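Just work39.csv here, CSV, C-alpha atoms:
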chain,number,residue,atom,x,y,z
S,226,MET,CA,55.6,150.6,102.7
S,227,LEU,CA,52.3,149.7,104.3
S,228,GLY,CA,51.0,153.1,103.3
S,229,ALA,CA,52.1,152.5,99.7
S,230,SER,CA,50.4,149.1,99.4
S,231,LEU,CA,47.2,150.5,100.9
S,232,ALA,CA,47.2,153.4,98.5
S,233,ALA,CA,47.8,151.0,95.6
S,234,GLY,CA,44.8,148.9,96.8
S,235,PHE,CA,42.6,152.0,97.0
S,236,GLY,CA,43.8,153.2,93.7
S,237,ARG,CA,42.7,150.0,92.0
S,238,ALA,CA,39.3,150.0,93.7
S,239,ALA,CA,38.8,153.6,92.4
S,240,PHE,CA,39.9,152.5,88.9
S,241,ALA,CA,37.4,149.7,88.9
S,242,GLN,CA,34.6,152.0,89.8
S,243,ALA,CA,35.1,155.1,87.8
S,244,PRO,CA,36.8,155.3,84.4
S,245,ILE,CA,39.5,157.9,84.4
S,246,GLU,CA,39.0,160.8,82.0
S,247,ASN,CA,42.4,162.2,81.1
S,248,GLY,CA,41.5,163.2,77.5
S,249,MET,CA,43.2,160.3,75.9
S,250,ASN,CA,40.4,159.8,73.3
S,251,ALA,CA,40.8,163.4,72.2
S,252,ILE,CA,44.5,162.9,71.8
S,253,VAL,CA,44.1,159.7,69.8
S,254,ARG,CA,41.7,161.6,67.5
S,255,ASP,CA,44.3,164.4,67.1
S,256,LEU,CA,47.0,161.8,66.3
S,257,THR,CA,45.0,159.9,63.7
S,258,GLY,CA,42.8,162.7,62.4
S,259,GLY,CA,39.8,160.5,63.1
S,260,ALA,CA,41.1,157.8,60.7
S,261,ALA,CA,40.5,154.2,61.4
S,262,MET,CA,43.1,152.4,63.5
S,263,ARG,CA,43.7,148.7,63.0
S,264,GLU,CA,45.2,146.3,65.6
S,265,GLY,CA,48.3,144.6,64.5
S,266,ARG,CA,51.8,145.1,63.0
S,267,VAL,CA,52.8,146.9,66.3
S,268,ARG,CA,54.4,145.0,69.2
S,269,LEU,CA,54.4,146.7,72.5
S,270,GLN,CA,56.4,145.1,75.3
S,271,LEU,CA,56.2,146.1,79.0
S,272,PRO,CA,56.7,143.9,82.1
S,273,ARG,CA,53.5,142.4,83.2
S,274,LEU,CA,54.3,143.5,86.7
S,275,ALA,CA,56.2,146.7,87.5
S,276,ASP,CA,57.2,147.2,91.1
S,277,ASN,CA,57.9,150.9,90.6
S,278,GLY,CA,55.9,153.1,88.3
S,279,THR,CA,58.5,155.8,88.0
S,280,SER,CA,60.7,153.8,85.6
S,281,VAL,CA,59.1,151.0,83.6
S,282,PRO,CA,61.0,149.6,80.6
S,283,LEU,CA,59.1,149.8,77.4
S,284,LYS,CA,59.9,148.4,73.9
S,285,VAL,CA,57.9,149.1,70.8
S,286,THR,CA,58.5,147.4,67.4
S,287,VAL,CA,56.6,147.8,64.2
S,288,GLN,CA,56.8,145.3,61.4
S,289,SER,CA,57.9,147.2,58.3
S,290,PRO,CA,60.4,146.8,55.4
S,291,MET,CA,61.4,150.5,56.1
S,292,THR,CA,61.9,151.2,52.4
S,293,ALA,CA,61.2,154.7,50.9
S,294,ALA,CA,57.8,153.4,49.7
S,295,ASP,CA,56.7,151.4,52.7
S,296,ARG,CA,57.9,152.6,56.1
S,297,VAL,CA,56.8,153.7,59.6
S,298,ARG,CA,56.6,157.4,60.0
S,299,SER,CA,56.0,157.6,63.7
S,300,ILE,CA,55.0,155.7,66.9
S,301,SER,CA,53.1,157.3,69.7
S,302,ILE,CA,52.8,155.8,73.2
S,303,LEU,CA,49.8,156.7,75.4
S,304,SER,CA,48.8,156.0,78.9
S,305,PRO,CA,45.1,156.0,79.8
S,306,ARG,CA,45.8,156.8,83.5
S,307,ASN,CA,48.6,159.4,83.4
S,308,PRO,CA,47.5,163.0,83.8
S,309,ARG,CA,49.2,163.7,80.5
S,310,PRO,CA,48.3,160.6,78.4
S,311,LEU,CA,50.7,161.3,75.5
S,312,MET,CA,54.0,160.0,76.8
S,313,ALA,CA,56.1,160.3,73.6
S,314,THR,CA,56.1,160.3,69.9
S,315,PHE,CA,59.0,158.8,68.0
S,316,ARG,CA,59.6,159.8,64.4
S,317,PHE,CA,61.7,157.8,61.9
S,318,GLY,CA,63.6,159.5,59.1
S,319,GLU,CA,63.9,158.0,55.6
S,320,GLU,CA,67.3,156.6,56.5
S,321,SER,CA,66.0,154.7,59.5
S,322,PRO,CA,66.4,151.0,59.1
S,323,ARG,CA,64.2,149.7,61.8
S,324,ALA,CA,61.1,150.9,63.6
S,325,GLU,CA,62.1,149.8,67.1
S,326,VAL,CA,62.5,151.9,70.2
S,327,MET,CA,63.3,151.2,73.8
S,328,THR,CA,62.8,153.7,76.6
S,329,ARG,CA,61.6,153.9,80.2
S,330,VAL,CA,58.2,155.4,81.2
S,331,ARG,CA,56.3,156.7,84.2
S,332,LEU,CA,53.0,155.0,84.9
S,333,ASN,CA,50.4,156.2,87.3
S,334,GLY,CA,49.0,152.9,88.2
S,335,THR,CA,47.8,149.6,86.7
S,336,GLN,CA,46.7,150.1,83.1
S,337,ARG,CA,46.7,149.1,79.4
S,338,VAL,CA,49.3,151.2,77.6
S,339,LEU,CA,48.6,152.0,73.9
S,340,ALA,CA,51.0,152.3,71.0
S,341,ILE,CA,49.9,153.8,67.7
S,342,ALA,CA,52.0,153.7,64.6
S,343,GLN,CA,51.5,155.8,61.5
S,344,MET,CA,52.7,154.2,58.2
S,345,SER,CA,53.9,156.0,55.1
S,346,ASP,CA,50.7,155.1,53.3
S,347,GLY,CA,48.8,157.0,56.0
S,348,SER,CA,47.3,154.0,57.8
S,349,PHE,CA,47.3,153.6,61.5
S,350,TRP,CA,48.1,150.4,63.5
S,351,SER,CA,48.0,149.9,67.2
S,352,ALA,CA,48.8,147.5,70.0
S,353,THR,CA,48.2,147.5,73.7
S,354,SER,CA,50.0,146.0,76.7
S,355,GLU,CA,48.6,145.5,80.2
S,356,VAL,CA,50.9,146.4,83.0
S,357,GLU,CA,50.2,146.0,86.7
S,358,VAL,CA,52.0,148.7,88.7
S,359,THR,CA,52.3,148.1,92.4
S,360,GLU,CA,53.7,151.5,93.3
S,361,SER,CA,52.5,154.2,91.1
S,362,ALA,CA,54.6,157.0,89.8
S,363,CYS,CA,52.2,159.4,91.7
S,364,LEU,CA,52.1,161.8,88.8
S,365,ASP,CA,49.0,163.7,90.0
S,366,ALA,CA,48.3,165.4,93.3
S,367,SER,CA,45.8,162.8,94.4
L,46,MET,CA,67.2,175.2,68.3
L,47,PRO,CA,66.8,178.4,70.4
L,48,GLY,CA,67.7,178.7,74.0
L,49,ARG,CA,70.8,178.9,76.1
L,50,GLU,CA,73.5,176.3,76.0
L,51,LEU,CA,74.4,174.3,79.0
L,52,THR,CA,76.3,171.1,79.4
L,53,VAL,CA,73.9,168.4,80.3
L,54,ALA,CA,75.7,165.2,80.8
L,55,ALA,CA,74.7,162.4,78.5
L,56,ARG,CA,76.1,158.9,77.8
L,57,VAL,CA,76.0,157.8,74.2
L,58,SER,CA,76.7,154.3,72.9
L,59,VAL,CA,77.4,154.0,69.1
L,60,PRO,CA,79.5,151.2,67.7
L,61,ALA,CA,82.9,152.4,66.6
L,62,THR,CA,82.7,150.5,63.3
L,63,ALA,CA,79.9,149.0,61.1
L,64,LYS,CA,79.5,147.4,57.8
L,65,LYS,CA,78.0,149.5,55.0
L,66,GLY,CA,74.3,149.7,55.2
L,67,GLU,CA,74.1,147.5,58.3
L,68,PRO,CA,71.6,148.7,61.0
L,69,VAL,CA,73.5,149.9,64.2
L,70,GLU,CA,72.0,150.2,67.6
L,71,ILE,CA,72.3,153.6,69.3
L,72,ARG,CA,71.7,154.1,73.0
L,73,ILE,CA,71.6,157.4,74.8
L,74,ALA,CA,71.0,158.3,78.4
L,75,ILE,CA,70.7,162.0,79.3
L,76,GLN,CA,71.0,163.3,82.8
L,77,HIS,CA,67.8,165.2,83.5
L,78,PRO,CA,65.2,165.2,86.2
L,79,MET,CA,62.2,165.3,83.8
L,80,GLU,CA,60.2,167.3,86.3
L,81,THR,CA,56.5,166.4,85.8
L,82,GLY,CA,55.1,169.6,87.3
L,83,PHE,CA,53.0,167.6,89.7
L,84,ARG,CA,55.6,167.6,92.5
L,85,PHE,CA,55.8,170.0,95.4
L,86,GLY,CA,59.0,171.5,96.9
L,87,ILE,CA,59.7,171.9,100.6
L,88,ASP,CA,58.3,175.4,100.4
L,89,GLY,CA,54.9,173.8,99.4
L,90,ARG,CA,55.0,175.3,96.0
L,91,ALA,CA,54.6,173.2,92.8
L,92,ILE,CA,57.9,172.5,91.1
L,93,PRO,CA,57.4,173.7,87.5
L,94,LYS,CA,57.2,171.2,84.7
L,95,ASN,CA,60.6,170.8,83.0
L,96,VAL,CA,61.2,167.9,80.6
L,97,ILE,CA,63.3,167.4,77.6
L,98,ASN,CA,60.6,167.9,75.1
L,99,ARG,CA,62.5,167.2,71.9
L,100,PHE,CA,65.4,165.0,71.0
L,101,SER,CA,66.9,164.4,67.6
L,102,CYS,CA,69.6,162.2,66.1
L,103,ARG,CA,71.2,163.2,62.7
L,104,PHE,CA,73.7,161.4,60.6
L,105,GLU,CA,75.8,163.7,58.5
L,106,GLY,CA,73.1,166.3,58.7
L,107,VAL,CA,70.1,164.0,57.9
L,108,GLU,CA,67.6,163.3,60.7
L,109,VAL,CA,67.4,159.6,61.3
L,110,PHE,CA,65.3,159.6,64.5
L,111,SER,CA,63.6,162.1,66.7
L,112,ALA,CA,61.4,162.0,69.8
L,113,GLU,CA,58.9,164.3,71.3
L,114,MET,CA,58.6,163.6,75.0
L,115,GLY,CA,56.4,164.5,77.9
L,116,SER,CA,56.2,164.0,81.6
L,117,GLY,CA,55.5,160.3,81.0
L,118,ILE,CA,59.1,159.6,80.2
L,119,SER,CA,61.2,158.7,83.3
L,120,ALA,CA,63.9,160.9,84.8
L,121,ASN,CA,67.3,160.6,83.1
L,122,PRO,CA,65.6,159.7,79.8
L,123,PHE,CA,67.0,156.7,78.0
L,124,LEU,CA,66.5,156.0,74.3
L,125,ASP,CA,67.5,153.0,72.2
L,126,PHE,CA,66.9,153.0,68.5
L,127,TYR,CA,68.5,152.1,65.1
L,128,ALA,CA,70.3,153.9,62.3
L,129,THR,CA,72.3,152.9,59.2
L,130,ALA,CA,75.5,154.4,58.0
L,131,GLU,CA,76.3,154.1,54.3
L,132,LYS,CA,79.7,155.8,54.8
L,133,SER,CA,81.9,156.9,57.7
L,134,GLY,CA,80.6,159.9,59.5
L,135,THR,CA,79.3,161.5,62.6
L,136,PHE,CA,76.1,161.1,64.5
L,137,GLU,CA,74.9,164.3,66.1
L,138,PHE,CA,72.4,164.2,69.0
L,139,GLU,CA,70.6,167.3,70.2
L,140,TRP,CA,67.9,168.0,72.8
L,141,ILE,CA,66.1,170.8,74.5
L,142,ASP,CA,64.1,171.1,77.7
L,143,ASP,CA,61.1,173.3,78.7
L,144,ALA,CA,63.4,175.8,80.3
L,145,GLY,CA,65.2,176.3,76.9
L,146,VAL,CA,68.4,174.5,78.0
L,147,ARG,CA,69.8,172.4,75.3
L,148,GLY,CA,72.4,169.7,75.1
L,149,ARG,CA,74.5,168.1,72.4
L,150,GLU,CA,76.6,165.1,71.9
L,151,SER,CA,78.2,163.4,68.9
L,152,ALA,CA,79.8,160.1,68.0
L,153,LYS,CA,81.9,159.0,65.0
L,154,ILE,CA,81.4,155.8,63.2
L,155,GLU,CA,83.8,154.1,60.8
L,156,VAL,CA,82.2,152.2,57.9
L,157,ALA,CA,84.2,149.4,56.3

Would you mind giving the structure from this file in structure tokens?
Amino acid sequence: MLGASLAAGFGRAAFAQAPIENGMNAIVRDLTGGAAMREGRVRLQLPRLADNGTSVPLKVTVQSPMTAADRVRSISILSPRNPRPLMATFRFGEESPRAEVMTRVRLNGTQRVLAIAQMSDGSFWSATSEVEVTESACLDAS
Amino acid sequence: MPGRELTVAARVSVPATAKKGEPVEIRIAIQHPMETGFRFGIDGRAIPKNVINRFSCRFEGVEVFSAEMGSGISANPFLDFYATAEKSGTFEFEWIDDAGVRGRESAKIEVA
């Protein structure tokens, strides 16, 4: 366990010094097609502190009446530190009554997780949630 | 979906009854390692990535919810989402992993 806590300490120091480039910006551009993204309407909930990065509970909710004319098409969740930043995309059919999903994710260290929702009018809304991970999911070989 | 069929154990929770048009909570946990492709086996070789990449939930043939997943989803993926039933019917769940193995589960709901 000493090794793990040392590794976590070094990981954080490295994070502070060098921003990690895992291609997240390109993936966000792909998702939105370069359209503007506004903060709001999305609520992303993660524990502030996760002991184990291999299974972190996540809940995402988007405020929407979910009618045929005004509904949420999809929600994507992204990690700025995982080797593959796009963790999942959830799509809601026309019969879906509520844009709310719970799942469990792997997180490669302390980071600010991003959720992007696409509405039926084509607009994009986002939210972030900061989560401190004491023991990373060790997704990459480093 | 293409691929060979194999029983992948899954636990589904759907209420047995619901009021017409009322949102119901659906929970599913599928037994799957969700291999990231970043792990090494005892022979020193990388274990190939193998995750359930697509999951869908249909009610009477109409897709209500679907998920595209990657290695960022934990082993034994768990999903909790909502659906509405206007009449009694069957929810069908289907998923497929990178190796082409698919799984299927269903649950009936009685609408009063």

Just to confirm, what's the straight-line distance from CA of Glu264 in chain S to CA of Thr335 in chain S in Å (one decimal)?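 Rounded to one decimal, the two atoms are 21.5 Å apart.
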
For the contact check between chain L and range 299-313 of chain S, emit one row per residue of chain L within 7 Å, containing the shortest atom pair and the distance in Å rounded to one decimal, counting all atoms listed in the file, chain then rising number order, as CSV.
residue,atom,partner,partner_atom,distance
L:Ala112,CA,S:Ala313,CA,6.7
L:Glu113,CA,S:Ala313,CA,5.4
L:Met114,CA,S:Ala313,CA,4.4
L:Gly115,CA,S:Met312,CA,5.2
L:Ser116,CA,S:Met312,CA,6.6
L:Gly117,CA,S:Met312,CA,4.5
L:Ile118,CA,S:Met312,CA,6.1

List the spatial neighbours of Asp295 in chain S as a list in words - criterion: any atom at most 9 Å away, only C-alpha atoms, same-chain residues fewer than 2 positions off excluded. Ser289, Pro290, Met291, Thr292, Ala293, Val297, Met344, Ser345 and Asp346 of chain S

The selected residues should be written to file as a PDB file, in the coordinates of the input (atoms: C-alpha atoms).
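Saved the output as again23.pdb:
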ATOM      1  CA  SER S 289      57.900 147.200  58.300  1.00  0.00           C
ATOM      2  CA  PRO S 290      60.400 146.800  55.400  1.00  0.00           C
ATOM      3  CA  MET S 291      61.400 150.500  56.100  1.00  0.00           C
ATOM      4  CA  THR S 292      61.900 151.200  52.400  1.00  0.00           C
ATOM      5  CA  ALA S 293      61.200 154.700  50.900  1.00  0.00           C
ATOM      6  CA  VAL S 297      56.800 153.700  59.600  1.00  0.00           C
ATOM      7  CA  MET S 344      52.700 154.200  58.200  1.00  0.00           C
ATOM      8  CA  SER S 345      53.900 156.000  55.100  1.00  0.00           C
ATOM      9  CA  ASP S 346      50.700 155.100  53.300  1.00  0.00           C
TER      10      ASP S 346
END

Using all atoms listed in the file, select each residue of chain L with any atom at most 12 Å away from an atom of chain S, and give the selection as an mmCIF file with C-alpha atoms, in the frame of the given file.
data_model
loop_
_atom_site.group_PDB
_atom_site.id
_atom_site.type_symbol
_atom_site.label_atom_id
_atom_site.label_comp_id
_atom_site.auth_asym_id
_atom_site.auth_seq_id
_atom_site.Cartn_x
_atom_site.Cartn_y
_atom_site.Cartn_z
ATOM 1 C CA GLY L 66 74.300 149.700 55.200
ATOM 2 C CA GLU L 67 74.100 147.500 58.300
ATOM 3 C CA PRO L 68 71.600 148.700 61.000
ATOM 4 C CA VAL L 69 73.500 149.900 64.200
ATOM 5 C CA GLU L 70 72.000 150.200 67.600
ATOM 6 C CA ILE L 71 72.300 153.600 69.300
ATOM 7 C CA ARG L 72 71.700 154.100 73.000
ATOM 8 C CA ILE L 73 71.600 157.400 74.800
ATOM 9 C CA ALA L 74 71.000 158.300 78.400
ATOM 10 C CA ILE L 75 70.700 162.000 79.300
ATOM 11 C CA PRO L 78 65.200 165.200 86.200
ATOM 12 C CA MET L 79 62.200 165.300 83.800
ATOM 13 C CA GLU L 80 60.200 167.300 86.300
ATOM 14 C CA THR L 81 56.500 166.400 85.800
ATOM 15 C CA GLY L 82 55.100 169.600 87.300
ATOM 16 C CA PHE L 83 53.000 167.600 89.700
ATOM 17 C CA ARG L 84 55.600 167.600 92.500
ATOM 18 C CA PHE L 85 55.800 170.000 95.400
ATOM 19 C CA ALA L 91 54.600 173.200 92.800
ATOM 20 C CA LYS L 94 57.200 171.200 84.700
ATOM 21 C CA VAL L 96 61.200 167.900 80.600
ATOM 22 C CA ILE L 97 63.300 167.400 77.600
ATOM 23 C CA ASN L 98 60.600 167.900 75.100
ATOM 24 C CA ARG L 99 62.500 167.200 71.900
ATOM 25 C CA PHE L 100 65.400 165.000 71.000
ATOM 26 C CA SER L 101 66.900 164.400 67.600
ATOM 27 C CA CYS L 102 69.600 162.200 66.100
ATOM 28 C CA ARG L 103 71.200 163.200 62.700
ATOM 29 C CA PHE L 104 73.700 161.400 60.600
ATOM 30 C CA GLU L 105 75.800 163.700 58.500
ATOM 31 C CA GLY L 106 73.100 166.300 58.700
ATOM 32 C CA VAL L 107 70.100 164.000 57.900
ATOM 33 C CA GLU L 108 67.600 163.300 60.700
ATOM 34 C CA VAL L 109 67.400 159.600 61.300
ATOM 35 C CA PHE L 110 65.300 159.600 64.500
ATOM 36 C CA SER L 111 63.600 162.100 66.700
ATOM 37 C CA ALA L 112 61.400 162.000 69.800
ATOM 38 C CA GLU L 113 58.900 164.300 71.300
ATOM 39 C CA MET L 114 58.600 163.600 75.000
ATOM 40 C CA GLY L 115 56.400 164.500 77.900
ATOM 41 C CA SER L 116 56.200 164.000 81.600
ATOM 42 C CA GLY L 117 55.500 160.300 81.000
ATOM 43 C CA ILE L 118 59.100 159.600 80.200
ATOM 44 C CA SER L 119 61.200 158.700 83.300
ATOM 45 C CA ALA L 120 63.900 160.900 84.800
ATOM 46 C CA ASN L 121 67.300 160.600 83.100
ATOM 47 C CA PRO L 122 65.600 159.700 79.800
ATOM 48 C CA PHE L 123 67.000 156.700 78.000
ATOM 49 C CA LEU L 124 66.500 156.000 74.300
ATOM 50 C CA ASP L 125 67.500 153.000 72.200
ATOM 51 C CA PHE L 126 66.900 153.000 68.500
ATOM 52 C CA TYR L 127 68.500 152.100 65.100
ATOM 53 C CA ALA L 128 70.300 153.900 62.300
ATOM 54 C CA THR L 129 72.300 152.900 59.200
ATOM 55 C CA ALA L 130 75.500 154.400 58.000
ATOM 56 C CA GLU L 131 76.300 154.100 54.300
#

Tell me, in Å to one decimal, how far CA of Arg298 in chain S is from CA of Met262 in chain S.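 Computing the Euclidean distance for CA of Arg298 in chain S and CA of Met262 in chain S yields 14.8 Å.
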
Which value, in Å to one decimal, gives the distance between CA of Arg263 in chain S and CA of Glu355 in chain S? 18.2 Å

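Counting only C-alpha atoms and comparing S:Gly265, S:Leu271, S:Met249, S:Gln336, the residue that lies closest to Ser361 in chain S is S:Gln336.
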
Kindly indicate which residue among L:His77, L:Arg56, L:Lys64, L:Lys132 lies nearest to Arg147 in chain L, using only C-alpha atoms for the distances.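 The closest residue to Arg147 in chain L is L:His77.
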
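The shell of residues at most 12 Å from Arg266 in chain S, with all atoms listed in the file counted and near chain neighbours (fewer than 5 positions) removed, consists of Val285, Thr286, Val287, Gln288, Ser289, Pro290, Arg296, Val297, Ile300, Ala324, Ala340, Ile341, Ala342, Gln343, Met344, Ser348, Phe349, Trp350, Ser351, Ala352 and Thr353 of chain S.
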
Mind rebuilding range 347-358 of chain S with N, CA and C atoms and writing that out as a PDB file, keeping the file's coordinate frame?
ATOM      1  N   GLY S 347      49.779 156.316  55.254  1.00  0.00           N
ATOM      2  CA  GLY S 347      48.800 157.000  56.000  1.00  0.00           C
ATOM      3  C   GLY S 347      47.908 156.176  56.912  1.00  0.00           C
ATOM      4  N   SER S 348      48.130 154.872  56.890  1.00  0.00           N
ATOM      5  CA  SER S 348      47.300 154.000  57.800  1.00  0.00           C
ATOM      6  C   SER S 348      47.861 153.997  59.186  1.00  0.00           C
ATOM      7  N   PHE S 349      46.985 153.648  60.124  1.00  0.00           N
ATOM      8  CA  PHE S 349      47.300 153.600  61.500  1.00  0.00           C
ATOM      9  C   PHE S 349      47.156 152.206  62.091  1.00  0.00           C
ATOM     10  N   TRP S 350      48.137 151.767  62.847  1.00  0.00           N
ATOM     11  CA  TRP S 350      48.100 150.400  63.500  1.00  0.00           C
ATOM     12  C   TRP S 350      48.372 150.604  64.951  1.00  0.00           C
ATOM     13  N   SER S 351      47.806 149.686  65.738  1.00  0.00           N
ATOM     14  CA  SER S 351      48.000 149.900  67.200  1.00  0.00           C
ATOM     15  C   SER S 351      48.183 148.533  67.900  1.00  0.00           C
ATOM     16  N   ALA S 352      48.649 148.656  69.127  1.00  0.00           N
ATOM     17  CA  ALA S 352      48.800 147.500  70.000  1.00  0.00           C
ATOM     18  C   ALA S 352      48.651 148.015  71.440  1.00  0.00           C
ATOM     19  N   THR S 353      48.237 147.136  72.338  1.00  0.00           N
ATOM     20  CA  THR S 353      48.200 147.500  73.700  1.00  0.00           C
ATOM     21  C   THR S 353      48.947 146.505  74.575  1.00  0.00           C
ATOM     22  N   SER S 354      49.285 146.921  75.774  1.00  0.00           N
ATOM     23  CA  SER S 354      50.000 146.000  76.700  1.00  0.00           C
ATOM     24  C   SER S 354      49.552 146.350  78.113  1.00  0.00           C
ATOM     25  N   GLU S 355      49.110 145.302  78.796  1.00  0.00           N
ATOM     26  CA  GLU S 355      48.600 145.500  80.200  1.00  0.00           C
ATOM     27  C   GLU S 355      49.778 145.421  81.121  1.00  0.00           C
ATOM     28  N   VAL S 356      49.835 146.387  82.025  1.00  0.00           N
ATOM     29  CA  VAL S 356      50.900 146.400  83.000  1.00  0.00           C
ATOM     30  C   VAL S 356      50.331 146.684  84.388  1.00  0.00           C
ATOM     31  N   GLU S 357      50.700 145.841  85.335  1.00  0.00           N
ATOM     32  CA  GLU S 357      50.200 146.000  86.700  1.00  0.00           C
ATOM     33  C   GLU S 357      51.343 146.767  87.475  1.00  0.00           C
ATOM     34  N   VAL S 358      50.984 147.921  88.032  1.00  0.00           N
ATOM     35  CA  VAL S 358      52.000 148.700  88.700  1.00  0.00           C
ATOM     36  C   VAL S 358      51.659 148.723  90.215  1.00  0.00           C
TER      37      VAL S 358
END
